[in-house]
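*Asks:* Please find work_24.pdb (PDB, C-alpha atoms) on the next line:
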```
ATOM      1  CA  MET A   1       0.000   0.000   0.000
ATOM      2  CA  ASN A   2       1.486   3.342  -1.016
ATOM      3  CA  LYS A   3       1.131   6.587   0.876
ATOM      4  CA  GLU A   4      -1.737   7.930  -1.250
ATOM      5  CA  GLU A   5      -3.731   4.761  -0.674
ATOM      6  CA  THR A   6      -3.070   4.953   3.047
ATOM      7  CA  ILE A   7      -4.178   8.616   3.151
ATOM      8  CA  THR A   8      -7.355   7.764   1.218
ATOM      9  CA  LYS A   9      -8.184   4.981   3.656
ATOM     10  CA  LEU A  10      -7.346   7.207   6.638
ATOM     11  CA  LYS A  11      -9.613   9.972   5.312
ATOM     12  CA  GLU A  12     -12.509   7.543   4.927
ATOM     13  CA  ILE A  13     -12.072   6.466   8.539
ATOM     14  CA  ILE A  14     -11.866   9.934  10.067
ATOM     15  CA  LYS A  15     -14.638  11.476   7.958
ATOM     16  CA  PRO A  16     -17.563  10.522  10.281
ATOM     17  CA  TYR A  17     -15.860  12.213  13.238
ATOM     18  CA  ILE A  18     -14.673  15.532  11.790
ATOM     19  CA  ASN A  19     -16.242  18.860  12.696
ATOM     20  CA  ASN A  20     -14.420  21.087  10.232
ATOM     21  CA  VAL A  21     -15.260  20.222   6.631
ATOM     22  CA  GLU A  22     -12.950  22.824   5.118
ATOM     23  CA  ALA A  23      -9.912  21.563   7.023
ATOM     24  CA  PHE A  24     -10.865  17.998   6.081
ATOM     25  CA  GLU A  25     -11.123  18.826   2.385
ATOM     26  CA  ASN A  26      -7.752  20.552   2.505
ATOM     27  CA  LEU A  27      -6.166  17.830   4.605
ATOM     28  CA  THR A  28      -2.360  17.640   4.524
ATOM     29  CA  GLU A  29       0.192  15.719   6.558
ATOM     30  CA  ALA A  30       0.329  18.667   8.959
ATOM     31  CA  THR A  31      -3.398  18.471   9.742
ATOM     32  CA  ASP A  32      -3.958  17.969  13.466
ATOM     33  CA  PHE A  33      -6.923  15.758  14.343
ATOM     34  CA  ILE A  34      -8.056  17.739  17.367
ATOM     35  CA  VAL A  35      -6.904  21.289  16.582
ATOM     36  CA  ASP A  36      -7.723  21.401  12.848
ATOM     37  CA  LEU A  37     -10.473  18.829  12.375
ATOM     38  CA  ASN A  38     -12.109  19.479  15.786
ATOM     39  CA  ILE A  39     -12.367  15.763  16.481
ATOM     40  CA  ASN A  40     -13.158  15.172  20.146
ATOM     41  CA  SER A  41     -10.791  13.009  22.143
ATOM     42  CA  ALA A  42     -13.374  10.261  22.746
ATOM     43  CA  ASN A  43     -13.884   9.947  18.997
ATOM     44  CA  LEU A  44     -10.127   9.884  18.450
ATOM     45  CA  ILE A  45     -10.239   6.566  20.315
ATOM     46  CA  ASP A  46     -12.937   5.317  17.905
ATOM     47  CA  ILE A  47     -10.672   6.318  15.024
ATOM     48  CA  MET A  48      -7.834   4.261  16.524
ATOM     49  CA  LEU A  49     -10.117   1.225  16.787
ATOM     50  CA  ASP A  50     -11.341   1.728  13.205
ATOM     51  CA  LEU A  51      -7.721   2.015  12.019
ATOM     52  CA  GLU A  52      -6.894  -1.256  13.776
ATOM     53  CA  ASP A  53      -9.719  -3.001  11.913
ATOM     54  CA  ALA A  54      -9.079  -1.374   8.552
ATOM     55  CA  PHE A  55      -5.322  -1.995   8.490
ATOM     56  CA  VAL A  56      -5.362  -5.135  10.676
ATOM     57  CA  ILE A  57      -2.820  -3.688  13.107
ATOM     58  CA  ASP A  58      -2.578  -3.295  16.889
ATOM     59  CA  ILE A  59      -2.282   0.228  18.218
ATOM     60  CA  GLU A  60      -0.787   0.567  21.706
ATOM     61  CA  ASN A  61      -1.344   3.349  24.225
ATOM     62  CA  GLN A  62       2.020   4.922  23.446
ATOM     63  CA  ASP A  63       1.223   4.888  19.704
ATOM     64  CA  MET A  64      -2.051   6.639  20.243
ATOM     65  CA  GLU A  65      -0.418   9.342  22.350
ATOM     66  CA  LYS A  66       1.740  10.198  19.340
ATOM     67  CA  MET A  67      -0.941   9.932  16.664
ATOM     68  CA  LEU A  68      -2.220  13.476  16.924
ATOM     69  CA  ASP A  69      -1.783  14.534  13.322
ATOM     70  CA  VAL A  70      -1.920  12.942   9.876
ATOM     71  CA  LYS A  71       1.869  12.690   9.550
ATOM     72  CA  ALA A  72       2.311  10.819  12.826
ATOM     73  CA  ALA A  73      -0.636   8.546  12.054
ATOM     74  CA  LEU A  74       0.786   7.653   8.631
ATOM     75  CA  GLU A  75       4.215   6.936  10.122
ATOM     76  CA  ILE A  76       2.832   4.641  12.789
ATOM     77  CA  ILE A  77       0.528   2.826  10.350
ATOM     78  CA  GLU A  78       3.489   2.335   8.000
ATOM     79  CA  ILE A  79       5.694   0.906  10.775
ATOM     80  CA  LYS A  80       2.907  -1.413  11.947
ATOM     81  CA  LEU A  81       2.266  -2.667   8.409
ATOM     82  CA  ALA A  82       5.986  -3.241   7.826
ATOM     83  CA  ASN A  83       6.276  -5.267  11.044
ATOM     84  CA  LYS A  84       3.323  -7.511  10.322
TER
ATOM     85  CA  MET B   1     -16.638  -6.329  46.148
ATOM     86  CA  LYS B   2     -20.006  -5.238  44.710
ATOM     87  CA  GLN B   3     -20.735  -3.049  47.730
ATOM     88  CA  GLU B   4     -17.225  -1.570  47.527
ATOM     89  CA  ILE B   5     -17.890  -0.508  43.952
ATOM     90  CA  ILE B   6     -21.108   1.261  44.921
ATOM     91  CA  GLU B   7     -19.245   3.061  47.707
ATOM     92  CA  LYS B   8     -16.627   4.215  45.196
ATOM     93  CA  LEU B   9     -19.216   5.780  42.901
ATOM     94  CA  PRO B  10     -18.690   9.541  42.645
ATOM     95  CA  TYR B  11     -22.409  10.228  43.268
ATOM     96  CA  SER B  12     -24.611  10.822  46.269
ATOM     97  CA  LYS B  13     -28.284  11.457  46.852
ATOM     98  CA  PRO B  14     -30.249  12.840  45.084
ATOM     99  CA  PHE B  15     -28.181  11.718  42.116
ATOM    100  CA  LEU B  16     -27.130   8.199  43.061
ATOM    101  CA  PHE B  17     -29.072   5.785  40.865
ATOM    102  CA  VAL B  18     -27.643   2.403  41.854
ATOM    103  CA  ASP B  19     -29.237   0.261  44.592
ATOM    104  CA  GLU B  20     -27.613  -3.109  44.118
ATOM    105  CA  LEU B  21     -25.184  -4.900  41.843
ATOM    106  CA  ILE B  22     -26.286  -8.459  41.121
ATOM    107  CA  SER B  23     -23.220  -9.508  39.176
ATOM    108  CA  ILE B  24     -20.093  -7.944  37.765
ATOM    109  CA  ASN B  25     -17.170  -9.296  35.783
ATOM    110  CA  GLU B  26     -14.787  -8.053  33.112
ATOM    111  CA  ASN B  27     -17.393  -8.491  30.380
ATOM    112  CA  GLY B  28     -20.366  -6.794  31.964
ATOM    113  CA  VAL B  29     -22.535  -5.887  34.910
ATOM    114  CA  ILE B  30     -26.111  -6.349  36.114
ATOM    115  CA  GLY B  31     -27.618  -3.992  38.684
ATOM    116  CA  THR B  32     -30.924  -2.662  39.970
ATOM    117  CA  PHE B  33     -32.558   0.598  40.952
ATOM    118  CA  THR B  34     -36.011   1.376  42.359
ATOM    119  CA  PHE B  35     -37.588   4.708  41.486
ATOM    120  CA  LYS B  36     -39.148   5.775  44.792
ATOM    121  CA  ASP B  37     -42.242   7.891  44.276
ATOM    122  CA  ASP B  38     -40.814  10.754  46.363
ATOM    123  CA  LEU B  39     -38.021  11.481  43.865
ATOM    124  CA  GLU B  40     -37.959  15.227  43.239
ATOM    125  CA  PHE B  41     -38.312  15.168  39.450
ATOM    126  CA  TYR B  42     -41.699  13.435  39.575
ATOM    127  CA  LYS B  43     -43.158  16.722  40.836
ATOM    128  CA  GLY B  44     -42.510  18.319  37.464
ATOM    129  CA  HIS B  45     -42.248  15.495  34.918
ATOM    130  CA  PHE B  46     -45.009  15.676  34.093
ATOM    131  CA  LYS B  47     -47.374  18.076  35.913
ATOM    132  CA  GLU B  48     -49.881  15.847  37.752
ATOM    133  CA  LYS B  49     -48.651  12.823  35.773
ATOM    134  CA  PRO B  50     -45.359  11.437  37.063
ATOM    135  CA  ILE B  51     -43.290   9.471  34.521
ATOM    136  CA  THR B  52     -39.543   8.857  34.812
ATOM    137  CA  PRO B  53     -37.688  11.206  32.411
ATOM    138  CA  GLY B  54     -35.621   9.620  29.645
ATOM    139  CA  VAL B  55     -32.543  11.496  30.808
ATOM    140  CA  ILE B  56     -32.906   9.862  34.218
ATOM    141  CA  LEU B  57     -33.288   6.409  32.632
ATOM    142  CA  THR B  58     -30.143   7.176  30.655
ATOM    143  CA  GLU B  59     -28.371   8.203  33.875
ATOM    144  CA  VAL B  60     -29.395   4.956  35.592
ATOM    145  CA  MET B  61     -28.069   2.977  32.626
ATOM    146  CA  ALA B  62     -24.837   4.968  32.655
ATOM    147  CA  GLN B  63     -24.231   4.717  36.424
ATOM    148  CA  ILE B  64     -24.839   0.964  36.582
ATOM    149  CA  GLY B  65     -23.768  -0.086  33.114
ATOM    150  CA  LEU B  66     -20.794   2.151  32.524
ATOM    151  CA  VAL B  67     -19.482   3.695  35.740
ATOM    152  CA  CYS B  68     -19.771   0.611  37.979
ATOM    153  CA  LEU B  69     -18.190  -1.538  35.272
ATOM    154  CA  GLY B  70     -15.531   1.120  34.674
ATOM    155  CA  ILE B  71     -14.569   1.129  38.364
ATOM    156  CA  TYR B  72     -14.342  -2.669  38.260
ATOM    157  CA  LEU B  73     -12.210  -2.647  35.104
ATOM    158  CA  LEU B  74      -9.929   0.028  36.499
ATOM    159  CA  ASN B  75      -9.417  -2.359  39.382
ATOM    160  CA  ASN B  76     -10.767   0.191  41.845
ATOM    161  CA  GLN B  77      -8.141   2.705  40.782
ATOM    162  CA  LEU B  78     -10.651   5.489  40.311
ATOM    163  CA  SER B  79      -9.400   8.076  42.766
ATOM    164  CA  GLN B  80      -9.779  11.742  43.593
ATOM    165  CA  ASN B  81      -7.196  12.468  40.899
ATOM    166  CA  ASN B  82      -9.077  11.275  37.886
ATOM    167  CA  SER B  83     -12.553  12.012  36.760
ATOM    168  CA  ILE B  84     -15.031  10.353  34.490
ATOM    169  CA  ALA B  85     -17.032  11.836  31.655
ATOM    170  CA  LEU B  86     -19.919  10.626  29.580
ATOM    171  CA  THR B  87     -18.982  10.888  25.897
ATOM    172  CA  SER B  88     -21.914   9.467  23.932
ATOM    173  CA  THR B  89     -25.325   7.899  24.294
ATOM    174  CA  ASN B  90     -27.602   6.335  21.725
ATOM    175  CA  ILE B  91     -30.719   5.045  23.462
ATOM    176  CA  ASP B  92     -34.149   3.926  22.297
ATOM    177  CA  PHE B  93     -36.962   4.295  24.828
ATOM    178  CA  LEU B  94     -39.670   1.669  24.422
ATOM    179  CA  LYS B  95     -41.904   1.807  27.496
ATOM    180  CA  PRO B  96     -42.654   4.306  30.264
ATOM    181  CA  VAL B  97     -41.260   3.757  33.769
ATOM    182  CA  LEU B  98     -43.583   4.874  36.563
ATOM    183  CA  PRO B  99     -42.929   5.791  40.220
ATOM    184  CA  ASN B 100     -42.116   2.768  42.457
ATOM    185  CA  GLU B 101     -40.991   0.617  39.565
ATOM    186  CA  LYS B 102     -37.827  -1.428  40.023
ATOM    187  CA  VAL B 103     -35.601  -1.786  36.988
ATOM    188  CA  VAL B 104     -32.723  -4.080  36.116
ATOM    189  CA  VAL B 105     -29.869  -2.781  33.993
ATOM    190  CA  ILE B 106     -27.850  -5.297  31.987
ATOM    191  CA  SER B 107     -24.667  -4.008  30.424
ATOM    192  CA  GLU B 108     -22.284  -5.787  28.095
ATOM    193  CA  LYS B 109     -18.839  -4.404  27.353
ATOM    194  CA  ILE B 110     -18.230  -3.612  23.676
ATOM    195  CA  TYR B 111     -14.704  -2.382  24.304
ATOM    196  CA  PHE B 112     -12.487  -0.811  26.942
ATOM    197  CA  ARG B 113      -9.518   0.719  25.149
ATOM    198  CA  PHE B 114      -7.369   3.805  25.679
ATOM    199  CA  GLY B 115      -9.422   4.712  28.746
ATOM    200  CA  LYS B 116     -12.731   4.664  26.883
ATOM    201  CA  LEU B 117     -15.450   2.222  27.843
ATOM    202  CA  LYS B 118     -18.330   1.541  25.458
ATOM    203  CA  CYS B 119     -21.202  -0.745  26.409
ATOM    204  CA  LYS B 120     -24.400  -2.179  25.038
ATOM    205  CA  VAL B 121     -26.975  -1.550  27.748
ATOM    206  CA  ILE B 122     -30.563  -2.640  28.240
ATOM    207  CA  MET B 123     -33.033  -1.835  31.008
ATOM    208  CA  LYS B 124     -35.878  -4.176  31.938
ATOM    209  CA  ASN B 125     -38.876  -3.676  34.214
ATOM    210  CA  GLU B 126     -40.224  -6.190  36.724
ATOM    211  CA  ASN B 127     -42.275  -7.859  33.992
ATOM    212  CA  GLU B 128     -38.993  -8.572  32.172
ATOM    213  CA  GLU B 129     -40.001  -6.144  29.420
ATOM    214  CA  VAL B 130     -37.233  -4.078  27.825
ATOM    215  CA  VAL B 131     -37.981  -0.427  28.617
ATOM    216  CA  CYS B 132     -34.924   1.065  26.939
ATOM    217  CA  ARG B 133     -31.784  -0.070  25.202
ATOM    218  CA  GLY B 134     -28.794   1.352  23.425
ATOM    219  CA  GLU B 135     -25.113   2.108  23.585
ATOM    220  CA  ILE B 136     -23.323   4.337  26.068
ATOM    221  CA  ALA B 137     -19.675   5.378  26.181
ATOM    222  CA  GLY B 138     -17.524   7.292  28.617
ATOM    223  CA  ILE B 139     -13.909   8.081  29.342
ATOM    224  CA  CYS B 140     -11.719   8.227  32.396
ATOM    225  CA  VAL B 141      -9.350  11.207  32.327
TER
END
```
If you convert what's in this file into structure tokens, what do you get?
*Replies:*
Amino acid sequence: MNKEETITKLKEIIKPYINNVEAFENLTEATDFIVDLNINSANLIDIMLDLEDAFVIDIENQDMEKMLDVKAALEIIEIKLANK
Amino acid sequence: MKQEIIEKLPYSKPFLFVDELISINENGVIGTFTFKDDLEFYKGHFKEKPITPGVILTEVMAQIGLVCLGIYLLNNQLSQNNSIALTSTNIDFLKPVLPNEKVVVISEKIYFRFGKLKCKVIMKNENEEVVCRGEIAGICV
């Protein structure tokens, strides 16, 4: 899976939880889930669980603490997929 | 153990809505509450026609189904330093609950991850009829 495919899949997963459509449409690697997309922290946990299912990976507490923006999420997903 | 959990609940009268826990384990909890007819909200909901408000039914489901189970899952680590917050509810209300009715709340854990607990919760009356059901989630911060 290349980066574009991963971003597409990630966007599908976060879409139900976003509260800023403009920031979502203009999403970049620098987009912060909470600050830019106004996703609440309880829903961020749902996103983590959806990512686990979609990519068939296990996300640990310390991973989640880092996954606050698109860039960090992509990096962690990539590492998890590589280690499968 | 069950009594200890009730004592650890961060509620008191008039907002404690747990009488008894019948069973509790890592997958779920069953508990009861009786709506005494002198509860304050019956005076106004509705005028001259007391019916338990849906928000109160939701609170009963949350206190038994989510908070009691959360305390159990946290291994009684809920202390003065952390607090709990309700994050989402999605409940269908099927039958009215009148003063002096006793209800049973049955909660099944969907997941407990990253400090968030989500449960499938149903409430039954003494005739074993489902009065409301849905999903409730909360976090410990």
*Asks:* Work out how far apart atom CA of Ile59 of chain A and atom CA of Val21 of chain A are and give it in Å to one decimal.
*Replies:*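 Here the two named atoms are 26.5 Å from each other.
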*Asks:* Which residues come within 7 Å of Val141 of chain B, counting all atoms listed in the file, excluding same-chain residues fewer than 3 positions away, as a compact mmCIF listing (two decimals) with C-alpha atoms, keeping the file's coordinate frame?
*Replies:*
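This went into out.txt:
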```
# COMPACT_ATOMS: atom_id res chain seq x y z
CA ASN B 82 -9.08 11.28 37.89
CA SER B 83 -12.55 12.01 36.76
CA ILE B 84 -15.03 10.35 34.49
```
*Asks:* Considering only C-alpha atoms, return as a list in words whatever protein or nucleic-acid residues lie within 10 Å of Asp19 of chain B, sequence-local ones (same chain, fewer than 6 positions apart) excluded.
*Replies:*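 Near neighbours after the sequence-gap exclusion: Gln3, Ile6, Gly31, Thr32, Phe33, Thr34, Phe35, Ile64 and Lys102 of chain B.
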*Asks:* Emit the selected residues as a CSV table (one decimal), in the frame of the given file, including C-alpha atoms.
*Replies:*
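Contents of again13.csv, freshly written:
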```csv
chain,number,residue,atom,x,y,z
B,3,GLN,CA,-20.7,-3.0,47.7
B,6,ILE,CA,-21.1,1.3,44.9
B,31,GLY,CA,-27.6,-4.0,38.7
B,32,THR,CA,-30.9,-2.7,40.0
B,33,PHE,CA,-32.6,0.6,41.0
B,34,THR,CA,-36.0,1.4,42.4
B,35,PHE,CA,-37.6,4.7,41.5
B,64,ILE,CA,-24.8,1.0,36.6
B,102,LYS,CA,-37.8,-1.4,40.0
```
*Asks:* Check the smallest atom-to-atom distance from each of B:Lys2, B:Lys13, B:Arg113, B:Arg133 to chain A using all atoms listed in the file, then report the winner.
*Replies:* B:Arg113
*Asks:* Tell me, counting all atoms listed in the file, for each residue of chain B within 12 Å of chain A, which pair of atoms is nearest and how far apart they are in Å to one decimal, in rows ordered by chain and increasing number, as a tab-separated table.
*Replies:*
```
residue	atom	partner	partner_atom	distance
B:Ile84	CA	A:Ala42	CA	11.9
B:Ala85	CA	A:Ala42	CA	9.8
B:Leu86	CA	A:Ala42	CA	9.5
B:Thr87	CA	A:Ala42	CA	6.5
B:Ser88	CA	A:Ala42	CA	8.7
B:Ile110	CA	A:Leu49	CA	11.7
B:Tyr111	CA	A:Leu49	CA	9.5
B:Phe112	CA	A:Ile45	CA	10.2
B:Arg113	CA	A:Ile45	CA	7.6
B:Phe114	CA	A:Asn61	CA	6.2
B:Gly115	CA	A:Ile45	CA	8.7
B:Lys116	CA	A:Ala42	CA	7.0
B:Leu117	CA	A:Ala42	CA	9.7
B:Lys118	CA	A:Asp46	CA	10.0
B:Ala137	CA	A:Ala42	CA	8.7
B:Gly138	CA	A:Ala42	CA	7.8
B:Ile139	CA	A:Ala42	CA	7.0
B:Cys140	CA	A:Ala42	CA	10.0
B:Val141	CA	A:Ala42	CA	10.4
```
*Asks:* Distance cut-off 12 Å, centre (-24.9, 8.7, 44.8) in file coordinates, counting all atoms listed in the file: which residues qualify? Return them as a list of chain:residue names.
*Replies:*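 Those residues, ordered by chain and then number, are B:Ile5, B:Ile6, B:Glu7, B:Lys8, B:Leu9, B:Pro10, B:Tyr11, B:Ser12, B:Lys13, B:Pro14, B:Phe15, B:Leu16, B:Phe17, B:Val18, B:Asp19, B:Phe33, B:Glu59, B:Val60, B:Gln63, B:Ile64, B:Val67, B:Cys68.
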*Asks:* Pull out every residue that the PyMOL selection byres ((chain A and resi 82) around 12) matches in the shown coordinates and put them as a list of chain:residue names.
*Replies:*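 Evaluating the PyMOL selection byres ((chain A and resi 82) around 12) on these coordinates yields A:Met1, A:Asn2, A:Phe55, A:Val56, A:Ile57, A:Glu75, A:Ile76, A:Ile77, A:Glu78, A:Ile79, A:Lys80, A:Leu81, A:Asn83, A:Lys84.
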*Asks:* What does the file look like for those residues with C-alpha atoms, as a PDB file, keeping the file's coordinate frame?
*Replies:*
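Written file, result-v7.pdb:
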```pdb
ATOM      1  CA  MET A   1       0.000   0.000   0.000  1.00  0.00           C
ATOM      2  CA  ASN A   2       1.486   3.342  -1.016  1.00  0.00           C
ATOM      3  CA  PHE A  55      -5.322  -1.995   8.490  1.00  0.00           C
ATOM      4  CA  VAL A  56      -5.362  -5.135  10.676  1.00  0.00           C
ATOM      5  CA  ILE A  57      -2.820  -3.688  13.107  1.00  0.00           C
ATOM      6  CA  GLU A  75       4.215   6.936  10.122  1.00  0.00           C
ATOM      7  CA  ILE A  76       2.832   4.641  12.789  1.00  0.00           C
ATOM      8  CA  ILE A  77       0.528   2.826  10.350  1.00  0.00           C
ATOM      9  CA  GLU A  78       3.489   2.335   8.000  1.00  0.00           C
ATOM     10  CA  ILE A  79       5.694   0.906  10.775  1.00  0.00           C
ATOM     11  CA  LYS A  80       2.907  -1.413  11.947  1.00  0.00           C
ATOM     12  CA  LEU A  81       2.266  -2.667   8.409  1.00  0.00           C
ATOM     13  CA  ASN A  83       6.276  -5.267  11.044  1.00  0.00           C
ATOM     14  CA  LYS A  84       3.323  -7.511  10.322  1.00  0.00           C
TER      15      LYS A  84
END
```
*Asks:* Taking into account all atoms listed in the file, which residue in the set A:Asp58, A:Ile18, A:Asp63, A:Lys3 is nearest to Phe33 of chain A?
*Replies:* A:Ile18
*Asks:* Check which residues satisfy the PyMOL selection byres ((chain A and resi 28) around 12) in the file shown, then give them as a list in words.
*Replies:*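 Matching residues under the PyMOL selection byres ((chain A and resi 28) around 12) are Glu4, Ile7, Thr8, Leu10, Lys11, Glu22, Ala23, Phe24, Glu25, Asn26, Leu27, Glu29, Ala30, Thr31, Asp32, Phe33, Asp36, Leu37, Asp69, Val70, Lys71, Ala72, Ala73 and Leu74 of chain A.
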*Asks:* Please, can segment 28-47 of chain B be completed to N, CA and C atoms and returned as a PDB file, keeping the file's coordinate frame?
*Replies:*
```pdb
ATOM      1  N   GLY B  28     -19.113  -7.513  31.795  1.00  0.00           N
ATOM      2  CA  GLY B  28     -20.366  -6.794  31.964  1.00  0.00           C
ATOM      3  C   GLY B  28     -20.823  -6.719  33.402  1.00  0.00           C
ATOM      4  N   VAL B  29     -22.003  -6.108  33.567  1.00  0.00           N
ATOM      5  CA  VAL B  29     -22.535  -5.887  34.910  1.00  0.00           C
ATOM      6  C   VAL B  29     -24.062  -5.929  34.858  1.00  0.00           C
ATOM      7  N   ILE B  30     -24.657  -6.393  35.958  1.00  0.00           N
ATOM      8  CA  ILE B  30     -26.111  -6.349  36.114  1.00  0.00           C
ATOM      9  C   ILE B  30     -26.391  -5.682  37.458  1.00  0.00           C
ATOM     10  N   GLY B  31     -27.295  -4.702  37.447  1.00  0.00           N
ATOM     11  CA  GLY B  31     -27.618  -3.992  38.684  1.00  0.00           C
ATOM     12  C   GLY B  31     -29.061  -3.524  38.681  1.00  0.00           C
ATOM     13  N   THR B  32     -29.521  -3.070  39.853  1.00  0.00           N
ATOM     14  CA  THR B  32     -30.924  -2.662  39.970  1.00  0.00           C
ATOM     15  C   THR B  32     -31.059  -1.271  40.585  1.00  0.00           C
ATOM     16  N   PHE B  33     -32.203  -0.663  40.308  1.00  0.00           N
ATOM     17  CA  PHE B  33     -32.558   0.598  40.952  1.00  0.00           C
ATOM     18  C   PHE B  33     -34.080   0.676  41.046  1.00  0.00           C
ATOM     19  N   THR B  34     -34.574   1.169  42.186  1.00  0.00           N
ATOM     20  CA  THR B  34     -36.011   1.376  42.359  1.00  0.00           C
ATOM     21  C   THR B  34     -36.294   2.871  42.386  1.00  0.00           C
ATOM     22  N   PHE B  35     -37.209   3.289  41.557  1.00  0.00           N
ATOM     23  CA  PHE B  35     -37.588   4.708  41.486  1.00  0.00           C
ATOM     24  C   PHE B  35     -38.636   5.001  42.543  1.00  0.00           C
ATOM     25  N   LYS B  36     -38.186   5.461  43.726  1.00  0.00           N
ATOM     26  CA  LYS B  36     -39.148   5.775  44.792  1.00  0.00           C
ATOM     27  C   LYS B  36     -40.039   6.932  44.338  1.00  0.00           C
ATOM     28  N   ASP B  37     -41.296   6.880  44.787  1.00  0.00           N
ATOM     29  CA  ASP B  37     -42.242   7.891  44.276  1.00  0.00           C
ATOM     30  C   ASP B  37     -42.006   9.287  44.842  1.00  0.00           C
ATOM     31  N   ASP B  38     -41.084   9.406  45.835  1.00  0.00           N
ATOM     32  CA  ASP B  38     -40.814  10.754  46.363  1.00  0.00           C
ATOM     33  C   ASP B  38     -39.625  11.437  45.670  1.00  0.00           C
ATOM     34  N   LEU B  39     -39.117  10.833  44.597  1.00  0.00           N
ATOM     35  CA  LEU B  39     -38.021  11.481  43.865  1.00  0.00           C
ATOM     36  C   LEU B  39     -38.502  12.830  43.324  1.00  0.00           C
ATOM     37  N   GLU B  40     -37.612  13.826  43.498  1.00  0.00           N
ATOM     38  CA  GLU B  40     -37.959  15.227  43.239  1.00  0.00           C
ATOM     39  C   GLU B  40     -38.521  15.481  41.828  1.00  0.00           C
ATOM     40  N   PHE B  41     -37.911  14.830  40.821  1.00  0.00           N
ATOM     41  CA  PHE B  41     -38.312  15.168  39.450  1.00  0.00           C
ATOM     42  C   PHE B  41     -39.741  14.768  39.091  1.00  0.00           C
ATOM     43  N   TYR B  42     -40.316  13.831  39.872  1.00  0.00           N
ATOM     44  CA  TYR B  42     -41.699  13.435  39.575  1.00  0.00           C
ATOM     45  C   TYR B  42     -42.689  14.582  39.783  1.00  0.00           C
ATOM     46  N   LYS B  43     -42.267  15.572  40.602  1.00  0.00           N
ATOM     47  CA  LYS B  43     -43.158  16.722  40.836  1.00  0.00           C
ATOM     48  C   LYS B  43     -43.389  17.521  39.555  1.00  0.00           C
ATOM     49  N   GLY B  44     -42.392  17.476  38.649  1.00  0.00           N
ATOM     50  CA  GLY B  44     -42.510  18.319  37.464  1.00  0.00           C
ATOM     51  C   GLY B  44     -42.535  17.571  36.144  1.00  0.00           C
ATOM     52  N   HIS B  45     -42.294  16.262  36.175  1.00  0.00           N
ATOM     53  CA  HIS B  45     -42.248  15.495  34.918  1.00  0.00           C
ATOM     54  C   HIS B  45     -43.200  14.323  35.036  1.00  0.00           C
ATOM     55  N   PHE B  46     -44.458  14.421  34.592  1.00  0.00           N
ATOM     56  CA  PHE B  46     -45.009  15.676  34.093  1.00  0.00           C
ATOM     57  C   PHE B  46     -45.924  16.259  35.162  1.00  0.00           C
ATOM     58  N   LYS B  47     -46.414  17.477  34.966  1.00  0.00           N
ATOM     59  CA  LYS B  47     -47.374  18.076  35.913  1.00  0.00           C
ATOM     60  C   LYS B  47     -48.517  17.097  36.138  1.00  0.00           C
TER      61      LYS B  47
END
```
